[in-house]
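Novice: To be precise about what I am sending: the file is called entry_36.txt and holds compact mmCIF, C-alpha atoms.
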# COMPACT_ATOMS: atom_id res chain seq x y z
CA MET A 1 -123.68 -6.41 46.45
CA ASN A 2 -121.50 -4.74 49.06
CA PHE A 3 -117.67 -4.51 48.88
CA LEU A 4 -117.09 -7.85 50.65
CA GLU A 5 -119.63 -9.74 48.55
CA GLU A 6 -118.00 -8.36 45.41
CA LYS A 7 -114.56 -9.45 46.64
CA ILE A 8 -115.90 -12.94 47.49
CA ILE A 9 -117.33 -13.30 43.97
CA LYS A 10 -114.03 -12.11 42.48
CA ASP A 11 -111.50 -14.04 44.62
CA GLY A 12 -113.36 -16.68 46.68
CA THR A 13 -113.45 -20.33 45.66
CA VAL A 14 -116.34 -22.71 46.25
CA LEU A 15 -114.81 -26.00 47.38
CA ASN A 16 -118.09 -27.85 47.83
CA ASN A 17 -121.67 -27.14 48.97
CA ASP A 18 -120.41 -26.29 52.48
CA ILE A 19 -116.97 -24.71 52.09
CA LEU A 20 -115.93 -21.38 50.64
CA ARG A 21 -112.19 -20.66 50.49
CA VAL A 22 -111.10 -17.06 51.03
CA ASP A 23 -107.42 -17.82 51.66
CA SER A 24 -106.20 -15.23 49.19
CA PHE A 25 -107.61 -12.20 51.04
CA ILE A 26 -108.78 -13.19 54.55
CA ASN A 27 -107.22 -16.36 55.95
CA GLN A 28 -103.67 -16.80 54.69
CA GLN A 29 -102.99 -13.75 52.59
CA ILE A 30 -104.57 -10.59 53.95
CA ASP A 31 -105.78 -7.86 51.63
CA CYS A 32 -105.20 -4.85 53.89
CA ASN A 33 -107.60 -2.60 52.00
CA ILE A 34 -110.48 -5.05 52.36
CA MET A 35 -109.65 -5.51 56.07
CA LYS A 36 -109.70 -1.74 56.59
CA LYS A 37 -113.13 -1.51 54.91
CA ILE A 38 -114.42 -4.41 57.04
CA SER A 39 -113.24 -2.76 60.26
CA LYS A 40 -114.75 0.61 59.32
CA ASP A 41 -118.04 -1.14 58.53
CA PHE A 42 -118.07 -2.89 61.94
CA ALA A 43 -117.08 0.29 63.77
CA MET A 44 -119.85 2.24 62.04
CA HIS A 45 -122.43 -0.47 62.78
CA PHE A 46 -121.55 -0.88 66.48
CA LYS A 47 -120.36 2.65 67.29
CA ASN A 48 -123.25 3.67 69.56
CA LEU A 49 -123.08 0.62 71.85
CA LYS A 50 -120.30 1.91 74.17
CA ILE A 51 -118.11 -1.11 73.44
CA ASN A 52 -114.98 -1.06 75.65
CA LYS A 53 -113.35 -4.30 74.45
CA VAL A 54 -113.18 -6.33 71.24
CA VAL A 55 -112.80 -10.11 71.59
CA THR A 56 -111.80 -12.57 68.88
CA ILE A 57 -110.86 -16.20 68.48
CA GLU A 58 -107.38 -17.25 67.36
CA SER A 59 -106.36 -16.89 64.61
CA SER A 60 -108.27 -15.83 61.48
CA GLY A 61 -110.36 -13.33 63.42
CA ILE A 62 -107.31 -11.42 64.68
CA SER A 63 -106.81 -9.15 61.67
CA PRO A 64 -110.36 -7.78 61.35
CA ALA A 65 -110.78 -7.66 65.13
CA LEU A 66 -107.55 -5.69 65.62
CA LEU A 67 -108.53 -3.07 63.05
CA THR A 68 -112.04 -2.80 64.53
CA ALA A 69 -110.54 -2.34 68.01
CA ILE A 70 -108.34 0.43 66.60
CA GLU A 71 -111.36 2.10 64.97
CA LEU A 72 -113.26 1.95 68.29
CA ASN A 73 -110.11 2.91 70.27
CA VAL A 74 -110.43 -0.03 72.69
CA PRO A 75 -108.19 -3.04 73.51
CA LEU A 76 -108.44 -6.37 71.70
CA VAL A 77 -108.47 -9.66 73.62
CA ILE A 78 -107.60 -12.87 71.76
CA PHE A 79 -109.12 -16.12 73.02
CA LYS A 80 -106.48 -18.77 72.38
CA LYS A 81 -106.95 -22.29 71.07
CA GLN A 82 -104.96 -25.02 72.74
CA GLN A 83 -104.83 -28.71 71.96
CA SER A 84 -103.92 -30.07 75.34
CA LYS A 85 -106.11 -29.84 78.38
CA ILE A 86 -103.86 -28.02 80.82
CA LEU A 87 -106.09 -26.95 83.68
CA ASN A 88 -105.00 -23.62 85.06
CA SER A 89 -106.98 -21.72 87.67
CA ASN A 90 -105.85 -18.38 86.21
CA PHE A 91 -107.75 -19.08 82.98
CA TYR A 92 -111.32 -19.45 81.90
CA GLN A 93 -111.52 -22.41 79.53
CA THR A 94 -114.08 -24.36 77.55
CA SER A 95 -114.05 -27.19 75.05
CA VAL A 96 -115.09 -26.38 71.46
CA LYS A 97 -115.94 -28.82 68.69
CA SER A 98 -114.97 -27.70 65.21
CA PHE A 99 -117.28 -29.32 62.64
CA THR A 100 -115.26 -27.90 59.74
CA LYS A 101 -112.04 -29.51 60.97
CA ASP A 102 -113.70 -32.43 62.77
CA SER A 103 -111.64 -31.77 65.89
CA THR A 104 -111.98 -30.47 69.42
CA TYR A 105 -109.87 -27.81 71.07
CA ASP A 106 -109.84 -25.86 74.31
CA LEU A 107 -110.55 -22.15 74.11
CA VAL A 108 -108.83 -20.21 76.91
CA VAL A 109 -108.39 -16.68 78.20
CA SER A 110 -106.68 -15.33 81.27
CA LYS A 111 -109.10 -14.15 83.96
CA ASP A 112 -107.20 -10.85 83.94
CA PHE A 113 -108.56 -9.82 80.56
CA ILE A 114 -112.34 -10.14 80.93
CA LYS A 115 -113.91 -8.07 83.71
CA ASP A 116 -117.44 -7.80 85.08
CA ASP A 117 -117.90 -4.27 83.76
CA ASP A 118 -116.72 -5.03 80.21
CA ASN A 119 -119.05 -4.35 77.30
CA ILE A 120 -117.83 -6.65 74.57
CA LEU A 121 -117.99 -6.86 70.79
CA ILE A 122 -117.05 -10.34 69.46
CA ILE A 123 -115.53 -10.39 65.95
CA ASP A 124 -114.88 -13.56 63.93
CA ASP A 125 -114.21 -14.39 60.30
CA PHE A 126 -116.83 -17.10 59.65
CA LEU A 127 -120.15 -18.03 61.23
CA ALA A 128 -121.23 -21.56 60.30
CA ASN A 129 -122.35 -23.83 63.16
CA GLY A 130 -121.56 -21.11 65.68
CA GLU A 131 -119.37 -23.36 67.82
CA ALA A 132 -116.39 -20.99 68.13
CA VAL A 133 -118.52 -17.94 68.97
CA SER A 134 -120.61 -20.02 71.40
CA GLY A 135 -117.35 -21.06 73.11
CA ALA A 136 -116.32 -17.42 73.40
CA ILE A 137 -119.74 -16.59 74.88
CA ARG A 138 -119.37 -19.39 77.45
CA LEU A 139 -115.98 -17.99 78.52
CA ILE A 140 -117.37 -14.46 78.85
CA LYS A 141 -120.35 -15.78 80.86
CA ASN A 142 -117.92 -16.75 83.61
CA THR A 143 -118.05 -13.02 84.36
CA LYS A 144 -120.84 -10.43 84.46
CA ALA A 145 -119.53 -8.74 81.30
CA SER A 146 -122.08 -7.77 78.63
CA ILE A 147 -121.89 -8.90 75.02
CA SER A 148 -123.40 -6.06 73.00
CA GLY A 149 -122.63 -7.32 69.53
CA ILE A 150 -121.25 -10.07 67.34
CA GLY A 151 -119.62 -9.01 64.07
CA ILE A 152 -119.00 -11.65 61.39
CA LEU A 153 -117.23 -11.25 58.05
CA ILE A 154 -118.91 -14.16 56.25
CA GLU A 155 -122.00 -15.96 57.47
CA LYS A 156 -123.10 -19.24 55.95
CA SER A 157 -126.77 -18.62 56.56
CA PHE A 158 -127.68 -22.16 55.49
CA GLN A 159 -125.89 -23.53 58.57
CA PRO A 160 -127.40 -23.24 62.08
CA GLY A 161 -124.98 -20.76 63.75
CA ARG A 162 -126.93 -17.56 63.21
CA LYS A 163 -130.24 -18.99 64.39
CA LYS A 164 -128.63 -20.51 67.51
CA LEU A 165 -127.17 -17.13 68.48
CA GLU A 166 -130.27 -15.13 67.59
CA ASP A 167 -132.40 -17.48 69.70
CA GLN A 168 -130.22 -16.46 72.66
CA GLY A 169 -130.95 -12.81 71.92
CA PHE A 170 -127.58 -11.76 70.55
CA ASN A 171 -127.17 -8.80 68.22
CA ILE A 172 -125.42 -10.26 65.15
CA TYR A 173 -124.19 -8.32 62.14
CA SER A 174 -122.63 -10.23 59.22
CA ILE A 175 -121.16 -8.25 56.34
CA ALA A 176 -121.65 -11.05 53.78
CA ARG A 177 -124.50 -13.55 54.22
CA ILE A 178 -124.33 -16.59 52.01
CA GLU A 179 -127.60 -18.34 51.32
CA SER A 180 -126.17 -21.20 49.28
CA LEU A 181 -122.98 -22.57 47.71
CA GLU A 182 -124.80 -25.19 45.69
CA ASN A 183 -123.99 -25.88 42.04
CA ASN A 184 -120.61 -24.20 42.57
CA THR A 185 -122.43 -20.85 42.76
CA ILE A 186 -122.26 -18.27 45.55
CA LYS A 187 -125.73 -16.95 46.32
CA PHE A 188 -126.07 -14.15 48.88
CA SER A 189 -129.09 -13.58 51.10
CA GLU A 190 -131.38 -10.68 50.31
CA LYS A 191 -131.14 -8.21 53.22
CA MET B 1 -85.34 3.48 76.83
CA ASN B 2 -87.67 3.50 73.83
CA PHE B 3 -91.49 3.25 74.00
CA LEU B 4 -91.57 -0.57 73.90
CA GLU B 5 -88.86 -0.98 76.53
CA GLU B 6 -90.76 1.42 78.80
CA LYS B 7 -93.97 -0.59 78.27
CA ILE B 8 -92.14 -3.86 79.01
CA ILE B 9 -90.79 -2.44 82.27
CA LYS B 10 -94.26 -1.18 83.21
CA ASP B 11 -96.43 -4.18 82.21
CA GLY B 12 -94.15 -7.16 81.46
CA THR B 13 -93.62 -9.96 83.99
CA VAL B 14 -90.40 -11.92 84.41
CA LEU B 15 -91.44 -15.55 84.88
CA ASN B 16 -87.91 -16.95 85.19
CA ASN B 17 -84.43 -16.33 83.74
CA ASP B 18 -85.68 -17.29 80.26
CA ILE B 19 -89.30 -16.19 80.03
CA LEU B 20 -90.85 -12.73 79.89
CA ARG B 21 -94.67 -12.53 79.83
CA VAL B 22 -96.21 -9.73 77.80
CA ASP B 23 -99.73 -11.20 77.69
CA SER B 24 -101.38 -7.98 78.81
CA PHE B 25 -100.35 -5.91 75.77
CA ILE B 26 -98.92 -8.18 73.02
CA ASN B 27 -99.99 -11.81 73.21
CA GLN B 28 -103.50 -12.14 74.65
CA GLN B 29 -104.65 -8.60 75.20
CA ILE B 30 -103.47 -6.17 72.55
CA ASP B 31 -102.72 -2.56 73.39
CA CYS B 32 -103.64 -0.98 70.05
CA ASN B 33 -101.63 2.19 70.68
CA ILE B 34 -98.42 0.26 71.35
CA MET B 35 -99.07 -1.89 68.25
CA LYS B 36 -99.51 1.22 66.11
CA LYS B 37 -96.21 2.63 67.42
CA ILE B 38 -94.47 -0.70 66.73
CA SER B 39 -95.75 -0.80 63.16
CA LYS B 40 -94.75 2.80 62.47
CA ASP B 41 -91.27 2.05 63.84
CA PHE B 42 -90.91 -0.99 61.55
CA ALA B 43 -92.26 0.88 58.54
CA MET B 44 -89.84 3.75 59.14
CA HIS B 45 -86.89 1.38 59.59
CA PHE B 46 -87.59 -0.72 56.48
CA LYS B 47 -89.25 1.89 54.24
CA ASN B 48 -86.43 2.17 51.66
CA LEU B 49 -86.11 -1.55 50.96
CA LYS B 50 -88.94 -1.81 48.40
CA ILE B 51 -90.74 -4.47 50.45
CA ASN B 52 -93.77 -5.83 48.54
CA LYS B 53 -95.00 -8.40 51.10
CA VAL B 54 -94.97 -8.81 54.88
CA VAL B 55 -94.82 -12.38 56.23
CA THR B 56 -95.56 -13.49 59.78
CA ILE B 57 -96.00 -16.67 61.75
CA GLU B 58 -99.34 -17.58 63.34
CA SER B 59 -100.51 -16.21 65.68
CA SER B 60 -98.84 -13.63 67.97
CA GLY B 61 -97.05 -11.98 65.05
CA ILE B 62 -100.29 -11.25 63.19
CA SER B 63 -101.21 -7.98 64.90
CA PRO B 64 -97.87 -6.13 64.49
CA ALA B 65 -97.36 -7.64 61.01
CA LEU B 66 -100.81 -6.54 59.81
CA LEU B 67 -100.29 -2.96 60.93
CA THR B 68 -96.81 -2.88 59.38
CA ALA B 69 -98.24 -4.21 56.10
CA ILE B 70 -100.85 -1.44 56.22
CA GLU B 71 -98.13 1.18 56.85
CA LEU B 72 -96.13 -0.16 53.88
CA ASN B 73 -99.32 -0.60 51.79
CA VAL B 74 -98.53 -4.24 50.89
CA PRO B 75 -100.30 -7.58 51.55
CA LEU B 76 -99.65 -9.71 54.63
CA VAL B 77 -99.10 -13.46 54.36
CA ILE B 78 -99.59 -15.61 57.46
CA PHE B 79 -97.60 -18.83 57.72
CA LYS B 80 -99.88 -21.28 59.54
CA LYS B 81 -98.95 -23.76 62.24
CA GLN B 82 -100.51 -27.19 62.01
CA GLN B 83 -100.17 -30.15 64.32
CA SER B 84 -100.80 -32.95 61.91
CA LYS B 85 -98.56 -33.81 59.01
CA ILE B 86 -100.94 -33.56 56.09
CA LEU B 87 -98.79 -33.58 52.99
CA ASN B 88 -100.27 -31.36 50.33
CA SER B 89 -98.50 -30.55 47.10
CA ASN B 90 -100.10 -27.10 46.96
CA PHE B 91 -98.25 -26.03 50.12
CA TYR B 92 -94.68 -25.40 51.14
CA GLN B 93 -94.15 -26.95 54.55
CA THR B 94 -91.41 -27.47 57.10
CA SER B 95 -91.14 -28.88 60.60
CA VAL B 96 -90.33 -26.44 63.44
CA LYS B 97 -89.23 -27.29 66.97
CA SER B 98 -90.47 -24.87 69.64
CA PHE B 99 -88.04 -24.88 72.58
CA THR B 100 -90.33 -22.62 74.62
CA LYS B 101 -93.25 -25.02 74.34
CA ASP B 102 -91.16 -28.20 73.95
CA SER B 103 -93.20 -29.24 70.93
CA THR B 104 -92.91 -29.61 67.18
CA TYR B 105 -95.30 -28.26 64.58
CA ASP B 106 -95.51 -27.95 60.81
CA LEU B 107 -95.32 -24.48 59.33
CA VAL B 108 -97.19 -24.22 56.03
CA VAL B 109 -98.06 -21.72 53.34
CA SER B 110 -99.86 -22.10 50.02
CA LYS B 111 -97.54 -21.91 47.04
CA ASP B 112 -99.88 -19.23 45.66
CA PHE B 113 -98.79 -16.63 48.18
CA ILE B 114 -94.97 -16.56 47.88
CA LYS B 115 -93.64 -15.73 44.43
CA ASP B 116 -90.12 -15.62 42.95
CA ASP B 117 -90.19 -11.84 42.58
CA ASP B 118 -91.36 -11.11 46.14
CA ASN B 119 -89.24 -8.90 48.37
CA ILE B 120 -90.22 -9.92 51.87
CA LEU B 121 -90.17 -8.42 55.36
CA ILE B 122 -90.65 -11.05 58.11
CA ILE B 123 -92.26 -9.77 61.34
CA ASP B 124 -92.53 -11.77 64.56
CA ASP B 125 -93.19 -11.01 68.21
CA PHE B 126 -90.25 -12.77 69.90
CA LEU B 127 -86.79 -13.83 68.77
CA ALA B 128 -85.26 -16.41 71.13
CA ASN B 129 -83.76 -19.52 69.53
CA GLY B 130 -84.82 -18.35 66.10
CA GLU B 131 -86.62 -21.58 65.22
CA ALA B 132 -89.88 -20.02 64.00
CA VAL B 133 -88.17 -17.38 61.85
CA SER B 134 -85.74 -20.02 60.51
CA GLY B 135 -88.75 -22.14 59.55
CA ALA B 136 -90.28 -19.16 57.72
CA ILE B 137 -86.96 -18.62 55.90
CA ARG B 138 -86.86 -22.28 54.84
CA LEU B 139 -90.37 -21.98 53.38
CA ILE B 140 -89.48 -18.80 51.49
CA LYS B 141 -86.28 -20.44 50.16
CA ASN B 142 -88.46 -22.85 48.19
CA THR B 143 -88.82 -19.84 45.88
CA LYS B 144 -86.41 -17.21 44.55
CA ALA B 145 -88.05 -14.50 46.69
CA SER B 146 -85.74 -12.11 48.59
CA ILE B 147 -85.88 -11.55 52.34
CA SER B 148 -84.84 -7.94 52.84
CA GLY B 149 -85.53 -7.62 56.53
CA ILE B 150 -86.59 -9.30 59.76
CA GLY B 151 -88.45 -7.15 62.28
CA ILE B 152 -88.80 -8.39 65.86
CA LEU B 153 -90.71 -6.83 68.74
CA ILE B 154 -88.72 -8.38 71.58
CA GLU B 155 -85.37 -10.10 71.18
CA LYS B 156 -83.89 -12.18 73.96
CA SER B 157 -80.30 -11.40 73.01
CA PHE B 158 -78.96 -13.95 75.50
CA GLN B 159 -80.45 -16.76 73.40
CA PRO B 160 -78.89 -17.84 70.08
CA GLY B 161 -81.54 -16.71 67.56
CA ARG B 162 -80.08 -13.36 66.57
CA LYS B 163 -76.56 -14.69 66.05
CA LYS B 164 -77.86 -17.63 63.96
CA LEU B 165 -79.74 -15.27 61.65
CA GLU B 166 -76.96 -12.68 61.48
CA ASP B 167 -74.47 -15.39 60.54
CA GLN B 168 -76.67 -16.09 57.50
CA GLY B 169 -76.45 -12.43 56.55
CA PHE B 170 -80.00 -11.35 57.42
CA ASN B 171 -80.89 -7.75 58.22
CA ILE B 172 -82.51 -7.94 61.68
CA TYR B 173 -84.10 -5.08 63.57
CA SER B 174 -85.47 -5.69 67.07
CA ILE B 175 -87.30 -2.86 68.82
CA ALA B 176 -86.51 -4.15 72.34
CA ARG B 177 -83.34 -6.18 72.95
CA ILE B 178 -83.17 -7.93 76.28
CA GLU B 179 -79.71 -8.75 77.56
CA SER B 180 -80.79 -10.56 80.70
CA LEU B 181 -83.81 -11.53 82.81
CA GLU B 182 -81.70 -12.73 85.73
CA ASN B 183 -82.53 -11.83 89.33
CA ASN B 184 -86.09 -11.04 88.22
CA THR B 185 -84.74 -7.90 86.51
CA ILE B 186 -85.18 -6.87 82.88
CA LYS B 187 -81.87 -5.56 81.51
CA PHE B 188 -81.87 -4.14 77.96
CA SER B 189 -78.88 -4.22 75.62
CA GLU B 190 -77.07 -0.95 74.97
CA LYS B 191 -77.54 -0.08 71.29
Would you mind writing the file out in structure tokens?
Specialist:
Amino acid sequence: MNFLEEKIIKDGTVLNNDILRVDSFINQQIDCNIMKKISKDFAMHFKNLKINKVVTIESSGISPALLTAIELNVPLVIFKKQQSKILNSNFYQTSVKSFTKDSTYDLVVSKDFIKDDDNILIIDDFLANGEAVSGAIRLIKNTKASISGIGILIEKSFQPGRKKLEDQGFNIYSIARIESLENNTIKFSEK
Amino acid sequence: MNFLEEKIIKDGTVLNNDILRVDSFINQQIDCNIMKKISKDFAMHFKNLKINKVVTIESSGISPALLTAIELNVPLVIFKKQQSKILNSNFYQTSVKSFTKDSTYDLVVSKDFIKDDDNILIIDDFLANGEAVSGAIRLIKNTKASISGIGILIEKSFQPGRKKLEDQGFNIYSIARIESLENNTIKFSEK
């Protein structure tokens, strides 16, 4: 097991067959040492891809994405979630369905912050159905920017997100890959 | 002028007499070098107060608060905003009115993450009417935890937030204090 898998076993909580809670070190309370290790792992993995911008989705991705951006010495751009549909021609926006929360939100970013010559690394905390990352990809595809990598802290490999993104040819790296949460037991994928 | 005031003059935009936009380096796109300077400034200012936890409010406070927590080598706790009023006995929660957005939200944190013996530094991006920070204080006051400092990136000193918090005896440190945005001109307070 790697450092994140060990931490998940120690401090994560299986809520049911689909949901793993990591509120005590990733989502509500942040363990800074784990976040630093995560960001160094991402930076090492993606370092040769000439990334010039890290993108994340508000708000649980911000902490790991910020530290990864610092490691790579590039800016971070945060795609914001908004409830109301305020059309604004200065923004790219797309509608995203959250299966986990059974709700829909608009994901938005100012046109100023994604440029045709950007080479982007997307960082997010969880990959489950892939809806949030797919929304981010749709926003970026309004431009000619490249997406050279997708870095995920925790992938629920038994849900369809990874396959959907791989089928589109994306380069995905997940630090912890969970094969199953059944029987209240966290089982990681063999790598 | 200090480093943040210089950056605000260079890249901030005055929208009207009340609103300064800093989307290009604080809110949507993050300038990692400015964020590192901000966190070092906070850590230096508050270093002798034996802070054991940094608290911030989702989501624009997360980046500076995370880096400050790393500088101080303590955990970060993020108070979450939620739209719907889901009462949950495992959470402290309070209603907050946002004047800027003319909306109301619930601020929540799990009871697991604020303890009676905590000595807390609150970090947020803006201080205007003080509603968000006051909400965070109300949540913390459900416990016997101490609040030893409040660190703000940009204070709009012409709005009532600072005075409200000072009148309650809080130790507030704002890196940039704006006296006025009138006539499309950013005027900083003399310190």
Novice: So that I can check the surroundings of range 34-42 of chain B, please list as a list in words every protein, DNA and RNA residue that reaches within 6 Å of it, counting all atoms listed in the file and ignoring chain neighbours fewer than 6 positions away.
Specialist: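 Close residues of range 34-42 of chain B: Pro64, Leu67 and Thr68 of chain B.
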Novice: Let me make sure I understand: among B:Asp23, B:Glu6, B:Glu190, B:Asp31, which one has the smallest atom-to-atom distance to Val109 in chain A if we use all atoms listed in the file?
Specialist: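 Checking each candidate against Val109 in chain A, we get B:Asp23 as the closest.
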Novice: List the neighbours of Lys53 in chain A out to 8 Å using all atoms listed in the file; skip same-chain residues closer than 5 positions along the sequence, and give me the result as a ChimeraX atom specification.
Specialist: /A:69,74-77,118-121
Novice: Show me, as JSON lines, the residues of chain B having an atom within 12 Å of chain A, each with the closest atom pair and its distance in Å, using only C-alpha atoms.
Specialist:
{"residue": "B:Asp23", "atom": "CA", "partner": "A:Ser110", "partner_atom": "CA", "distance": 8.8}
{"residue": "B:Ser24", "atom": "CA", "partner": "A:Phe113", "partner_atom": "CA", "distance": 7.6}
{"residue": "B:Phe25", "atom": "CA", "partner": "A:Pro75", "partner_atom": "CA", "distance": 8.6}
{"residue": "B:Ile26", "atom": "CA", "partner": "A:Val77", "partner_atom": "CA", "distance": 9.7}
{"residue": "B:Asn27", "atom": "CA", "partner": "A:Ile78", "partner_atom": "CA", "distance": 7.8}
{"residue": "B:Gln28", "atom": "CA", "partner": "A:Ile78", "partner_atom": "CA", "distance": 5.1}
{"residue": "B:Gln29", "atom": "CA", "partner": "A:Val77", "partner_atom": "CA", "distance": 4.3}
{"residue": "B:Ile30", "atom": "CA", "partner": "A:Leu76", "partner_atom": "CA", "distance": 5.0}
{"residue": "B:Asp31", "atom": "CA", "partner": "A:Pro75", "partner_atom": "CA", "distance": 5.5}
{"residue": "B:Cys32", "atom": "CA", "partner": "A:Ile70", "partner_atom": "CA", "distance": 6.0}
{"residue": "B:Asn33", "atom": "CA", "partner": "A:Ile70", "partner_atom": "CA", "distance": 8.0}
{"residue": "B:Ile34", "atom": "CA", "partner": "A:Pro75", "partner_atom": "CA", "distance": 10.5}
{"residue": "B:Met35", "atom": "CA", "partner": "A:Leu66", "partner_atom": "CA", "distance": 9.7}
{"residue": "B:Lys36", "atom": "CA", "partner": "A:Ile70", "partner_atom": "CA", "distance": 8.9}
{"residue": "B:Lys53", "atom": "CA", "partner": "A:Gln29", "partner_atom": "CA", "distance": 9.7}
{"residue": "B:Val54", "atom": "CA", "partner": "A:Gln29", "partner_atom": "CA", "distance": 9.7}
{"residue": "B:Val55", "atom": "CA", "partner": "A:Gln29", "partner_atom": "CA", "distance": 9.0}
{"residue": "B:Thr56", "atom": "CA", "partner": "A:Gln28", "partner_atom": "CA", "distance": 10.1}
{"residue": "B:Ile57", "atom": "CA", "partner": "A:Gln28", "partner_atom": "CA", "distance": 10.4}
{"residue": "B:Glu58", "atom": "CA", "partner": "A:Ser59", "partner_atom": "CA", "distance": 7.2}
{"residue": "B:Ser59", "atom": "CA", "partner": "A:Ser59", "partner_atom": "CA", "distance": 6.0}
{"residue": "B:Ser60", "atom": "CA", "partner": "A:Ser59", "partner_atom": "CA", "distance": 8.9}
{"residue": "B:Gly61", "atom": "CA", "partner": "A:Ile62", "partner_atom": "CA", "distance": 10.3}
{"residue": "B:Ile62", "atom": "CA", "partner": "A:Ser63", "partner_atom": "CA", "distance": 7.0}
{"residue": "B:Ser63", "atom": "CA", "partner": "A:Ser63", "partner_atom": "CA", "distance": 6.6}
{"residue": "B:Pro64", "atom": "CA", "partner": "A:Leu66", "partner_atom": "CA", "distance": 9.8}
{"residue": "B:Ala65", "atom": "CA", "partner": "A:Ser63", "partner_atom": "CA", "distance": 9.6}
{"residue": "B:Leu66", "atom": "CA", "partner": "A:Ser63", "partner_atom": "CA", "distance": 6.8}
{"residue": "B:Leu67", "atom": "CA", "partner": "A:Leu67", "partner_atom": "CA", "distance": 8.5}
{"residue": "B:Thr68", "atom": "CA", "partner": "A:Cys32", "partner_atom": "CA", "distance": 10.2}
{"residue": "B:Ala69", "atom": "CA", "partner": "A:Cys32", "partner_atom": "CA", "distance": 7.3}
{"residue": "B:Ile70", "atom": "CA", "partner": "A:Cys32", "partner_atom": "CA", "distance": 6.0}
{"residue": "B:Glu71", "atom": "CA", "partner": "A:Cys32", "partner_atom": "CA", "distance": 9.8}
{"residue": "B:Leu72", "atom": "CA", "partner": "A:Cys32", "partner_atom": "CA", "distance": 10.2}
{"residue": "B:Asn73", "atom": "CA", "partner": "A:Cys32", "partner_atom": "CA", "distance": 7.6}
{"residue": "B:Val74", "atom": "CA", "partner": "A:Cys32", "partner_atom": "CA", "distance": 7.3}
{"residue": "B:Pro75", "atom": "CA", "partner": "A:Asp31", "partner_atom": "CA", "distance": 5.5}
{"residue": "B:Leu76", "atom": "CA", "partner": "A:Ile30", "partner_atom": "CA", "distance": 5.0}
{"residue": "B:Val77", "atom": "CA", "partner": "A:Gln29", "partner_atom": "CA", "distance": 4.3}
{"residue": "B:Ile78", "atom": "CA", "partner": "A:Gln28", "partner_atom": "CA", "distance": 5.1}
{"residue": "B:Phe79", "atom": "CA", "partner": "A:Gln28", "partner_atom": "CA", "distance": 7.1}
{"residue": "B:Lys80", "atom": "CA", "partner": "A:Gln28", "partner_atom": "CA", "distance": 7.6}
{"residue": "B:Lys81", "atom": "CA", "partner": "A:Ser59", "partner_atom": "CA", "distance": 10.4}
{"residue": "B:Gln82", "atom": "CA", "partner": "A:Gln83", "partner_atom": "CA", "distance": 11.0}
{"residue": "B:Gln83", "atom": "CA", "partner": "A:Gln83", "partner_atom": "CA", "distance": 9.1}
{"residue": "B:Ser84", "atom": "CA", "partner": "A:Ser103", "partner_atom": "CA", "distance": 11.6}
{"residue": "B:Phe91", "atom": "CA", "partner": "A:Gln28", "partner_atom": "CA", "distance": 11.6}
{"residue": "B:Lys101", "atom": "CA", "partner": "A:Gln82", "partner_atom": "CA", "distance": 11.8}
{"residue": "B:Ser103", "atom": "CA", "partner": "A:Ser84", "partner_atom": "CA", "distance": 11.6}
{"residue": "B:Val108", "atom": "CA", "partner": "A:Gln28", "partner_atom": "CA", "distance": 9.9}
{"residue": "B:Val109", "atom": "CA", "partner": "A:Gln28", "partner_atom": "CA", "distance": 7.6}
{"residue": "B:Ser110", "atom": "CA", "partner": "A:Gln28", "partner_atom": "CA", "distance": 8.0}
{"residue": "B:Lys111", "atom": "CA", "partner": "A:Gln28", "partner_atom": "CA", "distance": 11.1}
{"residue": "B:Asp112", "atom": "CA", "partner": "A:Ser24", "partner_atom": "CA", "distance": 8.3}
{"residue": "B:Phe113", "atom": "CA", "partner": "A:Gln29", "partner_atom": "CA", "distance": 6.7}
{"residue": "B:Ile114", "atom": "CA", "partner": "A:Gln29", "partner_atom": "CA", "distance": 9.7}
Novice: Please define a box with edges along x, y and z of the file around all atoms of range 66-83 of chain B given in the file, extend it by 6 Å on each side, and return its centre and edge lengths in Å to one decimal, as JSON.
Specialist:
{"center_x": -98.5, "center_y": -14.5, "center_z": 57.6, "size_x": 16.7, "size_y": 43.3, "size_z": 25.4}
